[in-house]
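Asks: Handing over work_8.cif, mmCIF, C-alpha atoms.
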```
data_coords
loop_
_atom_site.group_PDB
_atom_site.id
_atom_site.type_symbol
_atom_site.label_atom_id
_atom_site.label_comp_id
_atom_site.auth_asym_id
_atom_site.auth_seq_id
_atom_site.Cartn_x
_atom_site.Cartn_y
_atom_site.Cartn_z
ATOM 1 C CA MET A 1498 101.983 57.287 102.592
ATOM 2 C CA ALA A 1499 102.040 53.761 103.992
ATOM 3 C CA GLU A 1500 105.389 52.369 104.964
ATOM 4 C CA PRO A 1501 107.044 50.084 102.416
ATOM 5 C CA ALA A 1502 106.022 46.465 103.071
ATOM 6 C CA ALA A 1503 109.646 45.343 103.101
ATOM 7 C CA LEU A 1504 110.174 47.159 106.403
ATOM 8 C CA GLU A 1505 108.074 44.509 108.133
ATOM 9 C CA TRP A 1506 110.555 41.816 107.179
ATOM 10 C CA SER A 1507 113.838 40.900 108.743
ATOM 11 C CA THR A 1508 117.148 40.947 106.910
ATOM 12 C CA ASP A 1509 118.826 38.817 109.599
ATOM 13 C CA ASN A 1510 119.114 35.846 107.273
ATOM 14 C CA CYS A 1511 119.502 37.795 104.026
ATOM 15 C CA THR A 1512 121.592 35.725 101.640
ATOM 16 C CA ILE A 1513 122.786 38.804 99.739
ATOM 17 C CA GLU A 1514 124.136 40.255 102.973
ATOM 18 C CA ARG A 1515 125.816 36.959 103.875
ATOM 19 C CA THR A 1516 127.394 36.832 100.441
ATOM 20 C CA LEU A 1517 128.708 40.362 100.878
ATOM 21 C CA GLU A 1518 130.260 39.314 104.167
ATOM 22 C CA VAL A 1519 132.321 36.838 102.125
ATOM 23 C CA ILE A 1520 133.091 38.823 98.963
ATOM 24 C CA GLY A 1521 131.758 42.321 99.615
ATOM 25 C CA ASP A 1522 135.135 43.874 99.563
ATOM 26 C CA ARG A 1523 136.836 45.296 96.528
ATOM 27 C CA TRP A 1524 140.121 43.493 97.230
ATOM 28 C CA SER A 1525 138.561 40.065 97.629
ATOM 29 C CA LEU A 1526 136.841 40.380 94.284
ATOM 30 C CA LEU A 1527 139.959 41.679 92.575
ATOM 31 C CA VAL A 1528 141.974 38.762 93.943
ATOM 32 C CA LEU A 1529 139.281 36.404 92.674
ATOM 33 C CA ARG A 1530 139.345 38.128 89.264
ATOM 34 C CA GLU A 1531 143.044 37.342 89.071
ATOM 35 C CA VAL A 1532 142.598 33.701 90.037
ATOM 36 C CA PHE A 1533 139.776 33.377 87.498
ATOM 37 C CA ALA A 1534 142.279 34.742 84.961
ATOM 38 C CA GLY A 1535 144.668 31.878 85.806
ATOM 39 C CA ILE A 1536 146.956 33.854 88.104
ATOM 40 C CA ARG A 1537 147.570 31.663 91.120
ATOM 41 C CA ARG A 1538 150.777 32.528 92.897
ATOM 42 C CA PHE A 1539 151.322 35.079 95.593
ATOM 43 C CA ASP A 1540 153.873 37.248 93.793
ATOM 44 C CA GLN A 1541 151.933 37.097 90.558
ATOM 45 C CA LEU A 1542 148.805 38.256 92.368
ATOM 46 C CA THR A 1543 150.557 41.535 93.149
ATOM 47 C CA VAL A 1544 151.440 42.279 89.504
ATOM 48 C CA ARG A 1545 148.135 43.609 88.184
ATOM 49 C CA THR A 1546 146.644 44.795 91.459
ATOM 50 C CA THR A 1547 147.990 47.417 93.810
ATOM 51 C CA ILE A 1548 147.011 45.300 96.792
ATOM 52 C CA PRO A 1549 149.424 45.629 99.724
ATOM 53 C CA ARG A 1550 151.175 42.338 100.501
ATOM 54 C CA GLN A 1551 149.775 42.018 104.006
ATOM 55 C CA MET A 1552 146.273 42.664 102.702
ATOM 56 C CA LEU A 1553 146.809 39.973 100.059
ATOM 57 C CA THR A 1554 147.945 37.527 102.739
ATOM 58 C CA ASP A 1555 144.830 38.293 104.796
ATOM 59 C CA ARG A 1556 142.434 38.087 101.864
ATOM 60 C CA LEU A 1557 143.873 34.799 100.604
ATOM 61 C CA GLU A 1558 143.644 33.307 104.072
ATOM 62 C CA GLN A 1559 140.027 34.415 104.357
ATOM 63 C CA LEU A 1560 139.123 33.150 100.881
ATOM 64 C CA VAL A 1561 140.631 29.767 101.782
ATOM 65 C CA ALA A 1562 138.821 29.745 105.143
ATOM 66 C CA ASP A 1563 135.549 30.533 103.358
ATOM 67 C CA GLY A 1564 136.158 27.678 100.935
ATOM 68 C CA LEU A 1565 136.433 29.739 97.750
ATOM 69 C CA LEU A 1566 140.103 28.967 97.174
ATOM 70 C CA ARG A 1567 142.229 25.968 98.049
ATOM 71 C CA ARG A 1568 145.987 25.773 98.414
ATOM 72 C CA GLU A 1569 147.897 23.499 96.065
ATOM 73 C CA PRO A 1570 151.603 22.812 96.699
ATOM 74 C CA TYR A 1571 154.196 23.373 93.982
ATOM 75 C CA GLN A 1572 157.940 23.362 93.905
ATOM 76 C CA GLU A 1573 160.308 24.837 91.373
ATOM 77 C CA PRO A 1574 163.768 23.312 90.934
ATOM 78 C CA GLY A 1575 166.141 24.489 93.643
ATOM 79 C CA LYS A 1576 163.469 26.437 95.441
ATOM 80 C CA ARG A 1577 161.445 25.686 98.495
ATOM 81 C CA ARG A 1578 157.992 24.255 98.375
ATOM 82 C CA ARG A 1579 155.268 26.881 98.008
ATOM 83 C CA HIS A 1580 151.540 27.028 97.509
ATOM 84 C CA GLU A 1581 149.404 28.306 94.752
ATOM 85 C CA TYR A 1582 145.723 29.105 94.902
ATOM 86 C CA ARG A 1583 142.996 27.351 92.935
ATOM 87 C CA LEU A 1584 139.292 27.992 92.771
ATOM 88 C CA THR A 1585 137.123 25.408 94.474
ATOM 89 C CA ASP A 1586 133.693 24.580 93.023
ATOM 90 C CA LYS A 1587 132.246 27.088 95.494
ATOM 91 C CA GLY A 1588 134.648 29.670 94.093
ATOM 92 C CA ILE A 1589 133.970 28.771 90.455
ATOM 93 C CA ASP A 1590 130.287 29.236 91.155
ATOM 94 C CA LEU A 1591 130.991 32.940 91.577
ATOM 95 C CA TYR A 1592 131.311 33.141 87.786
ATOM 96 C CA PRO A 1593 127.816 34.648 87.458
ATOM 97 C CA VAL A 1594 128.762 37.372 89.966
ATOM 98 C CA LEU A 1595 131.871 38.190 87.964
ATOM 99 C CA LEU A 1596 129.901 38.123 84.718
ATOM 100 C CA ALA A 1597 127.186 40.346 86.170
ATOM 101 C CA LEU A 1598 129.786 42.915 87.247
ATOM 102 C CA GLN A 1599 131.486 42.695 83.873
ATOM 103 C CA GLN A 1600 128.276 42.964 81.890
ATOM 104 C CA TRP A 1601 127.135 46.043 83.789
ATOM 105 C CA GLY A 1602 130.602 47.592 83.549
ATOM 106 C CA GLY A 1603 130.646 46.834 79.837
ATOM 107 C CA THR A 1604 127.389 48.722 79.398
ATOM 108 C CA TYR A 1605 128.148 51.739 81.540
ATOM 109 C CA LEU A 1606 131.853 52.098 82.142
ATOM 110 C CA ALA A 1607 133.740 50.632 79.197
ATOM 111 C CA ASP A 1608 136.046 52.539 76.900
ATOM 112 C CA PRO A 1609 134.566 53.268 73.463
ATOM 113 C CA GLU A 1610 136.372 50.220 72.017
ATOM 114 C CA GLY A 1611 134.608 47.910 74.473
ATOM 115 C CA SER A 1612 135.776 45.588 77.224
ATOM 116 C CA PRO A 1613 139.323 44.327 77.632
ATOM 117 C CA VAL A 1614 138.104 40.817 78.425
ATOM 118 C CA GLU A 1615 135.196 38.768 77.198
ATOM 119 C CA PHE A 1616 133.886 35.526 78.552
ATOM 120 C CA VAL A 1617 133.206 32.707 76.133
ATOM 121 C CA HIS A 1618 131.867 29.170 76.125
ATOM 122 C CA ARG A 1619 134.843 26.784 76.014
ATOM 123 C CA ASP A 1620 132.921 24.296 73.898
ATOM 124 C CA CYS A 1621 132.058 26.610 70.994
ATOM 125 C CA GLY A 1622 134.001 29.834 71.567
ATOM 126 C CA GLU A 1623 130.908 32.045 71.521
ATOM 127 C CA PRO A 1624 130.530 34.894 74.047
ATOM 128 C CA VAL A 1625 128.510 34.070 77.139
ATOM 129 C CA ASP A 1626 125.718 36.380 78.254
ATOM 130 C CA LEU A 1627 123.983 36.443 81.571
ATOM 131 C CA VAL A 1628 120.272 36.057 80.962
ATOM 132 C CA LEU A 1629 117.359 36.379 83.374
ATOM 133 C CA ARG A 1630 114.879 33.623 82.706
ATOM 134 C CA CYS A 1631 111.786 32.783 84.654
ATOM 135 C CA ARG A 1632 110.670 29.237 85.311
ATOM 136 C CA ALA A 1633 107.804 29.624 82.875
ATOM 137 C CA GLY A 1634 110.570 29.894 80.278
ATOM 138 C CA HIS A 1635 110.394 33.624 79.558
ATOM 139 C CA ASP A 1636 113.539 35.601 78.984
ATOM 140 C CA VAL A 1637 113.189 38.685 81.168
ATOM 141 C CA THR A 1638 114.843 41.390 79.092
ATOM 142 C CA ASP A 1639 113.452 44.354 81.017
ATOM 143 C CA ASN A 1640 114.914 44.356 84.519
ATOM 144 C CA ARG A 1641 111.914 46.356 85.744
ATOM 145 C CA ARG A 1642 109.797 43.237 85.193
ATOM 146 C CA VAL A 1643 111.605 41.530 88.098
ATOM 147 C CA VAL A 1644 110.294 41.923 91.618
ATOM 148 C CA GLY A 1645 111.305 40.524 95.002
ATOM 149 C CA ARG A 1646 108.828 38.763 97.235
ATOM 150 C CA MET A 1647 109.017 36.892 100.509
ATOM 151 C CA GLY A 1648 110.686 33.487 100.168
ATOM 152 C CA PRO A 1649 110.424 30.304 102.237
ATOM 153 C CA ALA A 1650 112.740 31.595 104.977
ATOM 154 C CA ALA A 1651 111.151 35.050 105.362
ATOM 155 C CA ARG A 1652 110.832 36.180 108.974
ATOM 156 C CA ARG A 1653 108.972 39.137 110.408
ATOM 157 C CA ARG A 1654 111.168 41.816 111.829
ATOM 158 C CA THR A 1655 111.008 42.160 115.579
ATOM 159 C CA THR A 1656 111.542 45.708 116.670
ATOM 160 C CA THR A 1657 113.846 45.877 119.639
ATOM 161 C CA MET B 128 156.348 26.751 84.500
ATOM 162 C CA ALA B 129 155.512 29.532 82.063
ATOM 163 C CA GLU B 130 153.889 32.626 83.471
ATOM 164 C CA PRO B 131 150.110 32.842 83.110
ATOM 165 C CA ALA B 132 149.227 34.590 79.852
ATOM 166 C CA ALA B 133 146.948 37.030 81.667
ATOM 167 C CA LEU B 134 149.987 38.701 83.240
ATOM 168 C CA GLU B 135 150.878 40.160 79.849
ATOM 169 C CA TRP B 136 147.636 42.119 79.757
ATOM 170 C CA SER B 137 146.724 45.357 81.442
ATOM 171 C CA THR B 138 143.869 45.737 83.879
ATOM 172 C CA ASP B 139 143.919 49.549 83.533
ATOM 173 C CA ASN B 140 140.590 49.556 81.727
ATOM 174 C CA CYS B 141 139.080 46.516 83.453
ATOM 175 C CA THR B 142 135.322 46.957 83.545
ATOM 176 C CA ILE B 143 134.962 44.700 86.597
ATOM 177 C CA GLU B 144 137.384 46.902 88.515
ATOM 178 C CA ARG B 145 135.546 50.054 87.395
ATOM 179 C CA THR B 146 132.270 48.532 88.513
ATOM 180 C CA LEU B 147 133.766 47.726 91.902
ATOM 181 C CA GLU B 148 134.855 51.342 92.223
ATOM 182 C CA VAL B 149 131.150 52.205 92.022
ATOM 183 C CA ILE B 150 129.538 49.404 94.024
ATOM 184 C CA GLY B 151 132.424 47.417 95.493
ATOM 185 C CA ASP B 152 131.574 48.340 98.981
ATOM 186 C CA ARG B 153 129.315 46.389 101.267
ATOM 187 C CA TRP B 154 127.323 49.451 102.353
ATOM 188 C CA SER B 155 126.600 50.660 98.834
ATOM 189 C CA LEU B 156 125.196 47.281 97.898
ATOM 190 C CA LEU B 157 123.141 47.036 101.086
ATOM 191 C CA VAL B 158 121.678 50.484 100.451
ATOM 192 C CA LEU B 159 120.841 49.408 96.917
ATOM 193 C CA ARG B 160 119.259 46.207 98.242
ATOM 194 C CA GLU B 161 116.947 48.347 100.351
ATOM 195 C CA VAL B 162 116.011 50.634 97.466
ATOM 196 C CA PHE B 163 115.357 47.578 95.266
ATOM 197 C CA ALA B 164 113.049 46.399 98.069
ATOM 198 C CA GLY B 165 111.056 49.647 97.761
ATOM 199 C CA ILE B 166 112.627 51.430 100.741
ATOM 200 C CA ARG B 167 113.379 54.938 99.577
ATOM 201 C CA ARG B 168 113.579 57.376 102.441
ATOM 202 C CA PHE B 169 116.555 58.266 104.549
ATOM 203 C CA ASP B 170 115.168 57.219 107.932
ATOM 204 C CA GLN B 171 113.682 54.043 106.505
ATOM 205 C CA LEU B 172 117.055 53.139 105.036
ATOM 206 C CA THR B 173 118.464 52.923 108.555
ATOM 207 C CA VAL B 174 115.814 50.475 109.805
ATOM 208 C CA ARG B 175 117.109 47.187 108.390
ATOM 209 C CA THR B 176 120.769 48.110 108.088
ATOM 210 C CA THR B 177 123.165 49.121 110.809
ATOM 211 C CA ILE B 178 124.682 51.759 108.585
ATOM 212 C CA PRO B 179 125.805 54.864 110.464
ATOM 213 C CA ARG B 180 123.848 57.969 109.390
ATOM 214 C CA GLN B 181 126.861 59.857 108.094
ATOM 215 C CA MET B 182 127.906 56.819 106.064
ATOM 216 C CA LEU B 183 124.398 56.612 104.622
ATOM 217 C CA THR B 184 124.523 60.288 103.677
ATOM 218 C CA ASP B 185 127.856 59.748 101.946
ATOM 219 C CA ARG B 186 126.798 56.585 100.152
ATOM 220 C CA LEU B 187 123.526 58.092 98.906
ATOM 221 C CA GLU B 188 125.363 61.130 97.623
ATOM 222 C CA GLN B 189 127.844 58.934 95.805
ATOM 223 C CA LEU B 190 125.134 56.685 94.350
ATOM 224 C CA VAL B 191 123.339 59.793 93.040
ATOM 225 C CA ALA B 192 126.608 61.215 91.661
ATOM 226 C CA ASP B 193 127.278 57.896 89.910
ATOM 227 C CA GLY B 194 123.795 57.971 88.404
ATOM 228 C CA LEU B 195 122.428 54.836 90.103
ATOM 229 C CA LEU B 196 119.882 56.694 92.211
ATOM 230 C CA ARG B 197 117.971 59.899 91.625
ATOM 231 C CA ARG B 198 116.342 62.192 94.180
ATOM 232 C CA GLU B 199 112.601 62.670 94.018
ATOM 233 C CA PRO B 200 110.939 65.352 96.163
ATOM 234 C CA TYR B 201 108.056 64.494 98.475
ATOM 235 C CA GLN B 202 106.226 66.373 101.154
ATOM 236 C CA GLU B 203 104.044 65.071 103.939
ATOM 237 C CA PRO B 204 101.298 67.297 105.365
ATOM 238 C CA GLY B 205 102.699 69.827 107.851
ATOM 239 C CA LYS B 206 106.287 68.711 107.240
ATOM 240 C CA ARG B 207 109.024 70.197 105.192
ATOM 241 C CA ARG B 208 109.831 69.052 101.720
ATOM 242 C CA ARG B 209 112.213 66.099 101.595
ATOM 243 C CA HIS B 210 113.717 63.761 99.034
ATOM 244 C CA GLU B 211 113.401 60.091 98.475
ATOM 245 C CA TYR B 212 115.658 57.920 96.392
ATOM 246 C CA ARG B 213 114.647 56.052 93.265
ATOM 247 C CA LEU B 214 116.617 53.708 91.055
ATOM 248 C CA THR B 215 117.553 55.092 87.657
ATOM 249 C CA ASP B 216 117.712 52.741 84.663
ATOM 250 C CA LYS B 217 121.436 52.465 85.316
ATOM 251 C CA GLY B 218 120.624 51.407 88.869
ATOM 252 C CA ILE B 219 117.885 48.985 87.843
ATOM 253 C CA ASP B 220 120.362 47.355 85.505
ATOM 254 C CA LEU B 221 122.227 46.144 88.583
ATOM 255 C CA TYR B 222 119.476 43.570 89.045
ATOM 256 C CA PRO B 223 121.658 40.794 87.581
ATOM 257 C CA VAL B 224 124.389 41.657 90.107
ATOM 258 C CA LEU B 225 121.899 41.440 92.954
ATOM 259 C CA LEU B 226 120.488 38.206 91.578
ATOM 260 C CA ALA B 227 123.953 36.714 91.153
ATOM 261 C CA LEU B 228 124.803 37.496 94.772
ATOM 262 C CA GLN B 229 121.465 36.128 95.921
ATOM 263 C CA GLN B 230 121.713 32.971 93.837
ATOM 264 C CA TRP B 231 125.184 32.156 95.146
ATOM 265 C CA GLY B 232 124.147 32.985 98.698
ATOM 266 C CA GLY B 233 121.085 30.799 98.287
ATOM 267 C CA THR B 234 123.290 27.882 97.282
ATOM 268 C CA TYR B 235 126.004 28.251 99.881
ATOM 269 C CA LEU B 236 124.854 30.388 102.766
ATOM 270 C CA ALA B 237 121.108 30.031 103.172
ATOM 271 C CA ASP B 238 119.339 28.665 106.201
ATOM 272 C CA PRO B 239 117.945 25.144 105.719
ATOM 273 C CA GLU B 240 114.498 26.602 104.929
ATOM 274 C CA GLY B 241 115.899 28.560 102.002
ATOM 275 C CA SER B 242 116.135 32.239 101.161
ATOM 276 C CA PRO B 243 114.104 34.978 102.824
ATOM 277 C CA VAL B 244 113.458 36.662 99.478
ATOM 278 C CA GLU B 245 112.911 35.358 95.990
ATOM 279 C CA PHE B 246 112.837 37.262 92.748
ATOM 280 C CA VAL B 247 109.997 36.629 90.365
ATOM 281 C CA HIS B 248 108.811 37.699 86.940
ATOM 282 C CA ARG B 249 106.091 40.344 87.406
ATOM 283 C CA ASP B 250 104.227 39.135 84.339
ATOM 284 C CA CYS B 251 103.738 35.514 85.414
ATOM 285 C CA GLY B 252 104.877 35.296 89.028
ATOM 286 C CA GLU B 253 107.432 32.569 88.354
ATOM 287 C CA PRO B 254 110.881 32.708 90.009
ATOM 288 C CA VAL B 255 113.635 34.238 87.926
ATOM 289 C CA ASP B 256 116.950 32.439 87.507
ATOM 290 C CA LEU B 257 120.176 33.819 86.224
ATOM 291 C CA VAL B 258 121.308 31.696 83.317
ATOM 292 C CA LEU B 259 124.581 31.717 81.413
ATOM 293 C CA ARG B 260 123.869 31.385 77.718
ATOM 294 C CA CYS B 261 126.305 31.575 74.869
ATOM 295 C CA ARG B 262 125.484 33.255 71.588
ATOM 296 C CA ALA B 263 125.305 29.891 69.840
ATOM 297 C CA GLY B 264 122.278 29.370 72.085
ATOM 298 C CA HIS B 265 123.746 26.891 74.582
ATOM 299 C CA ASP B 266 122.849 27.113 78.236
ATOM 300 C CA VAL B 267 126.157 26.887 80.074
ATOM 301 C CA THR B 268 125.279 24.941 83.190
ATOM 302 C CA ASP B 269 128.821 24.079 84.215
ATOM 303 C CA ASN B 270 130.640 27.264 85.186
ATOM 304 C CA ARG B 271 133.962 25.576 84.405
ATOM 305 C CA ARG B 272 132.991 25.687 80.718
ATOM 306 C CA VAL B 273 133.325 29.486 80.754
ATOM 307 C CA VAL B 274 136.660 31.077 80.018
ATOM 308 C CA GLY B 275 137.891 34.660 79.688
ATOM 309 C CA ARG B 276 139.779 35.843 76.630
ATOM 310 C CA MET B 277 141.075 39.159 75.381
ATOM 311 C CA GLY B 278 138.290 41.479 74.206
ATOM 312 C CA PRO B 279 138.281 44.399 71.754
ATOM 313 C CA ALA B 280 139.799 46.835 74.259
ATOM 314 C CA ALA B 281 142.584 44.557 75.520
ATOM 315 C CA ARG B 282 145.896 46.326 76.007
ATOM 316 C CA ARG B 283 149.328 44.911 76.687
ATOM 317 C CA ARG B 284 150.660 45.664 80.108
ATOM 318 C CA THR B 285 153.616 48.028 80.129
ATOM 319 C CA THR B 286 155.940 47.289 82.979
ATOM 320 C CA THR B 287 157.063 50.445 84.679
#
```
Just give me the structure of the file as structure tokens.
Replies:
Amino acid sequence: MAEPAALEWSTDNCTIERTLEVIGDRWSLLVLREVFAGIRRFDQLTVRTTIPRQMLTDRLEQLVADGLLRREPYQEPGKRRRHEYRLTDKGIDLYPVLLALQQWGGTYLADPEGSPVEFVHRDCGEPVDLVLRCRAGHDVTDNRRVVGRMGPAARRRTTT
Amino acid sequence: MAEPAALEWSTDNCTIERTLEVIGDRWSLLVLREVFAGIRRFDQLTVRTTIPRQMLTDRLEQLVADGLLRREPYQEPGKRRRHEYRLTDKGIDLYPVLLALQQWGGTYLADPEGSPVEFVHRDCGEPVDLVLRCRAGHDVTDNRRVVGRMGPAARRRTTT
């Protein structure tokens, strides 16, 4: 059997791999889930996750450094000034990743009653689905009809 | 300031968290990337990843146990019978997750020339985009117009 064609191509500039370097860690995504849910303060971020505090500190710092979260100061009466965490546009743009995880989990791992959370369109209240659509305007409902091919930045792999 | 409403709700049956238990690991997703790219055999799976062999063994076993991959026997002339790995339907249904990671990476982390890979519709060859669409038929182009709310399986959090 011939070798798979993909083996000839480099993954050095793979954008999936680069994305996983930023969020390919269960804790980072769980912290983001919480911030997407409107939970923004350090102590609150420990309530629904079992993340160790030092890990949370590290992950928040990294998510800020990567530009997914930004720090916003707040101060409660009689207390010292603190920071809460807000999603940047770059962070908000992870919504499709979150939805893709949730949609797959809803299909394969949900309790019989369904999912605990659903995502809806603010403007009309209807549930939001993630749809694959090609630029000829077709909805691609069968995932086996999708295929990868070399893009503009494809590079041959150099064997070293 | 009032506490965020989300804190009242349990994440015990969160389908995002359950999904991350299955694929929330950089190596699992990189192995899946390779299988999606048509790379199916153990030795080939080590070519474009730096995954240690024992880790690959473990990850493949777990991905089979979780029903994302299945083993298919093959035999080359004069060699012993081996197995290759194929995506099950459950595995193929992770395409939106892969596309979501790739789309975000393409926006924020790609080289100036673009992405090394693009995903296209087999039937017409046109690139496939991931679109958020609500059930009233609106394309949701601004991710800030999406919001989570309690779904059918939402449970109150019990503080222990």
Asks: Is it possible to see chain B as a compact mmCIF listing (two decimals) with C-alpha atoms, keeping the file's coordinate frame, once it has been laid onto chain A by a least-squares fit on every C-alpha atom in order?
Replies:
```
# COMPACT_ATOMS: atom_id res chain seq x y z
CA MET B 128 101.96 57.29 102.60
CA ALA B 129 102.03 53.77 103.99
CA GLU B 130 105.39 52.36 104.95
CA PRO B 131 107.04 50.07 102.41
CA ALA B 132 106.01 46.47 103.07
CA ALA B 133 109.64 45.34 103.09
CA LEU B 134 110.18 47.15 106.40
CA GLU B 135 108.08 44.51 108.13
CA TRP B 136 110.55 41.80 107.18
CA SER B 137 113.85 40.89 108.74
CA THR B 138 117.14 40.93 106.91
CA ASP B 139 118.82 38.80 109.61
CA ASN B 140 119.11 35.84 107.27
CA CYS B 141 119.51 37.80 104.03
CA THR B 142 121.58 35.72 101.64
CA ILE B 143 122.79 38.80 99.74
CA GLU B 144 124.14 40.26 102.97
CA ARG B 145 125.82 36.96 103.87
CA THR B 146 127.39 36.83 100.44
CA LEU B 147 128.70 40.36 100.87
CA GLU B 148 130.26 39.32 104.16
CA VAL B 149 132.32 36.86 102.12
CA ILE B 150 133.09 38.84 98.96
CA GLY B 151 131.75 42.33 99.61
CA ASP B 152 135.13 43.87 99.56
CA ARG B 153 136.84 45.29 96.53
CA TRP B 154 140.13 43.49 97.22
CA SER B 155 138.57 40.05 97.62
CA LEU B 156 136.84 40.38 94.28
CA LEU B 157 139.97 41.68 92.56
CA VAL B 158 141.97 38.75 93.93
CA LEU B 159 139.29 36.40 92.67
CA ARG B 160 139.35 38.13 89.27
CA GLU B 161 143.05 37.34 89.06
CA VAL B 162 142.60 33.70 90.05
CA PHE B 163 139.77 33.37 87.50
CA ALA B 164 142.27 34.73 84.96
CA GLY B 165 144.66 31.87 85.80
CA ILE B 166 146.96 33.85 88.10
CA ARG B 167 147.56 31.66 91.11
CA ARG B 168 150.77 32.54 92.89
CA PHE B 169 151.32 35.08 95.60
CA ASP B 170 153.87 37.26 93.79
CA GLN B 171 151.92 37.10 90.55
CA LEU B 172 148.81 38.25 92.37
CA THR B 173 150.55 41.53 93.15
CA VAL B 174 151.45 42.28 89.51
CA ARG B 175 148.14 43.61 88.18
CA THR B 176 146.66 44.81 91.45
CA THR B 177 147.99 47.42 93.81
CA ILE B 178 147.03 45.32 96.79
CA PRO B 179 149.43 45.64 99.72
CA ARG B 180 151.18 42.33 100.50
CA GLN B 181 149.78 42.02 104.01
CA MET B 182 146.28 42.67 102.68
CA LEU B 183 146.80 39.97 100.06
CA THR B 184 147.95 37.53 102.73
CA ASP B 185 144.85 38.30 104.79
CA ARG B 186 142.45 38.10 101.86
CA LEU B 187 143.88 34.80 100.60
CA GLU B 188 143.64 33.32 104.06
CA GLN B 189 140.04 34.42 104.35
CA LEU B 190 139.13 33.15 100.87
CA VAL B 191 140.63 29.76 101.79
CA ALA B 192 138.82 29.75 105.15
CA ASP B 193 135.55 30.54 103.36
CA GLY B 194 136.16 27.68 100.95
CA LEU B 195 136.43 29.74 97.74
CA LEU B 196 140.10 28.97 97.17
CA ARG B 197 142.22 25.97 98.05
CA ARG B 198 146.00 25.77 98.42
CA GLU B 199 147.90 23.50 96.07
CA PRO B 200 151.60 22.80 96.70
CA TYR B 201 154.18 23.37 93.99
CA GLN B 202 157.93 23.36 93.92
CA GLU B 203 160.30 24.84 91.39
CA PRO B 204 163.76 23.31 90.94
CA GLY B 205 166.17 24.49 93.65
CA LYS B 206 163.46 26.46 95.46
CA ARG B 207 161.45 25.68 98.50
CA ARG B 208 158.00 24.25 98.36
CA ARG B 209 155.27 26.86 98.01
CA HIS B 210 151.52 27.02 97.52
CA GLU B 211 149.40 28.32 94.75
CA TYR B 212 145.72 29.11 94.90
CA ARG B 213 143.01 27.35 92.94
CA LEU B 214 139.29 28.00 92.77
CA THR B 215 137.12 25.41 94.49
CA ASP B 216 133.70 24.59 93.03
CA LYS B 217 132.26 27.08 95.49
CA GLY B 218 134.65 29.68 94.09
CA ILE B 219 133.97 28.78 90.46
CA ASP B 220 130.29 29.23 91.15
CA LEU B 221 130.99 32.94 91.58
CA TYR B 222 131.31 33.15 87.80
CA PRO B 223 127.81 34.64 87.46
CA VAL B 224 128.76 37.36 89.96
CA LEU B 225 131.87 38.19 87.96
CA LEU B 226 129.90 38.13 84.73
CA ALA B 227 127.19 40.36 86.18
CA LEU B 228 129.78 42.92 87.25
CA GLN B 229 131.49 42.70 83.88
CA GLN B 230 128.26 42.96 81.90
CA TRP B 231 127.14 46.06 83.79
CA GLY B 232 130.60 47.59 83.54
CA GLY B 233 130.64 46.83 79.84
CA THR B 234 127.38 48.73 79.40
CA TYR B 235 128.15 51.74 81.55
CA LEU B 236 131.85 52.09 82.15
CA ALA B 237 133.74 50.64 79.20
CA ASP B 238 136.05 52.53 76.91
CA PRO B 239 134.56 53.25 73.47
CA GLU B 240 136.38 50.21 72.04
CA GLY B 241 134.62 47.90 74.47
CA SER B 242 135.78 45.58 77.23
CA PRO B 243 139.34 44.33 77.64
CA VAL B 244 138.11 40.82 78.43
CA GLU B 245 135.20 38.76 77.21
CA PHE B 246 133.89 35.51 78.56
CA VAL B 247 133.20 32.71 76.14
CA HIS B 248 131.86 29.18 76.11
CA ARG B 249 134.84 26.78 76.00
CA ASP B 250 132.91 24.30 73.89
CA CYS B 251 132.06 26.62 70.99
CA GLY B 252 133.99 29.83 71.57
CA GLU B 253 130.90 32.04 71.52
CA PRO B 254 130.53 34.89 74.05
CA VAL B 255 128.51 34.07 77.13
CA ASP B 256 125.72 36.38 78.26
CA LEU B 257 123.97 36.44 81.57
CA VAL B 258 120.27 36.06 80.96
CA LEU B 259 117.36 36.40 83.37
CA ARG B 260 114.88 33.62 82.71
CA CYS B 261 111.78 32.79 84.66
CA ARG B 262 110.68 29.24 85.31
CA ALA B 263 107.79 29.62 82.88
CA GLY B 264 110.57 29.90 80.30
CA HIS B 265 110.39 33.63 79.56
CA ASP B 266 113.55 35.61 78.99
CA VAL B 267 113.18 38.70 81.16
CA THR B 268 114.84 41.40 79.10
CA ASP B 269 113.45 44.36 81.02
CA ASN B 270 114.91 44.36 84.52
CA ARG B 271 111.91 46.37 85.74
CA ARG B 272 109.79 43.24 85.21
CA VAL B 273 111.60 41.53 88.09
CA VAL B 274 110.30 41.92 91.61
CA GLY B 275 111.31 40.52 95.00
CA ARG B 276 108.83 38.76 97.24
CA MET B 277 109.02 36.89 100.51
CA GLY B 278 110.68 33.48 100.16
CA PRO B 279 110.42 30.30 102.25
CA ALA B 280 112.74 31.59 104.98
CA ALA B 281 111.16 35.04 105.36
CA ARG B 282 110.84 36.19 108.95
CA ARG B 283 108.98 39.13 110.41
CA ARG B 284 111.18 41.81 111.81
CA THR B 285 111.00 42.15 115.57
CA THR B 286 111.56 45.70 116.66
CA THR B 287 113.86 45.87 119.62
```
Asks: If you count only C-alpha atoms, which residues fall within 12 Å of range 207-213 of chain B, apart from same-chain ones fewer than 6 positions away, as number ranges by chain?
Replies: B: 158-172, 184, 186-188, 190-191, 194-201, 219
Asks: For Val174 in chain B, which of B:Leu157, B:Ile150, B:Val274, B:Val244 is the closest residue, counting only C-alpha atoms?
Replies: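 The closest residue to Val174 in chain B is B:Leu157.
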Asks: Identify all residues satisfying the PyMOL selection byres ((chain A and resi 1598-1612) around 7) in the given file; provide them as a PyMOL selection string.
Replies: (chain A and resi 1594-1597+1613-1615) or (chain B and resi 142-143+145-146+221+224+278-280)
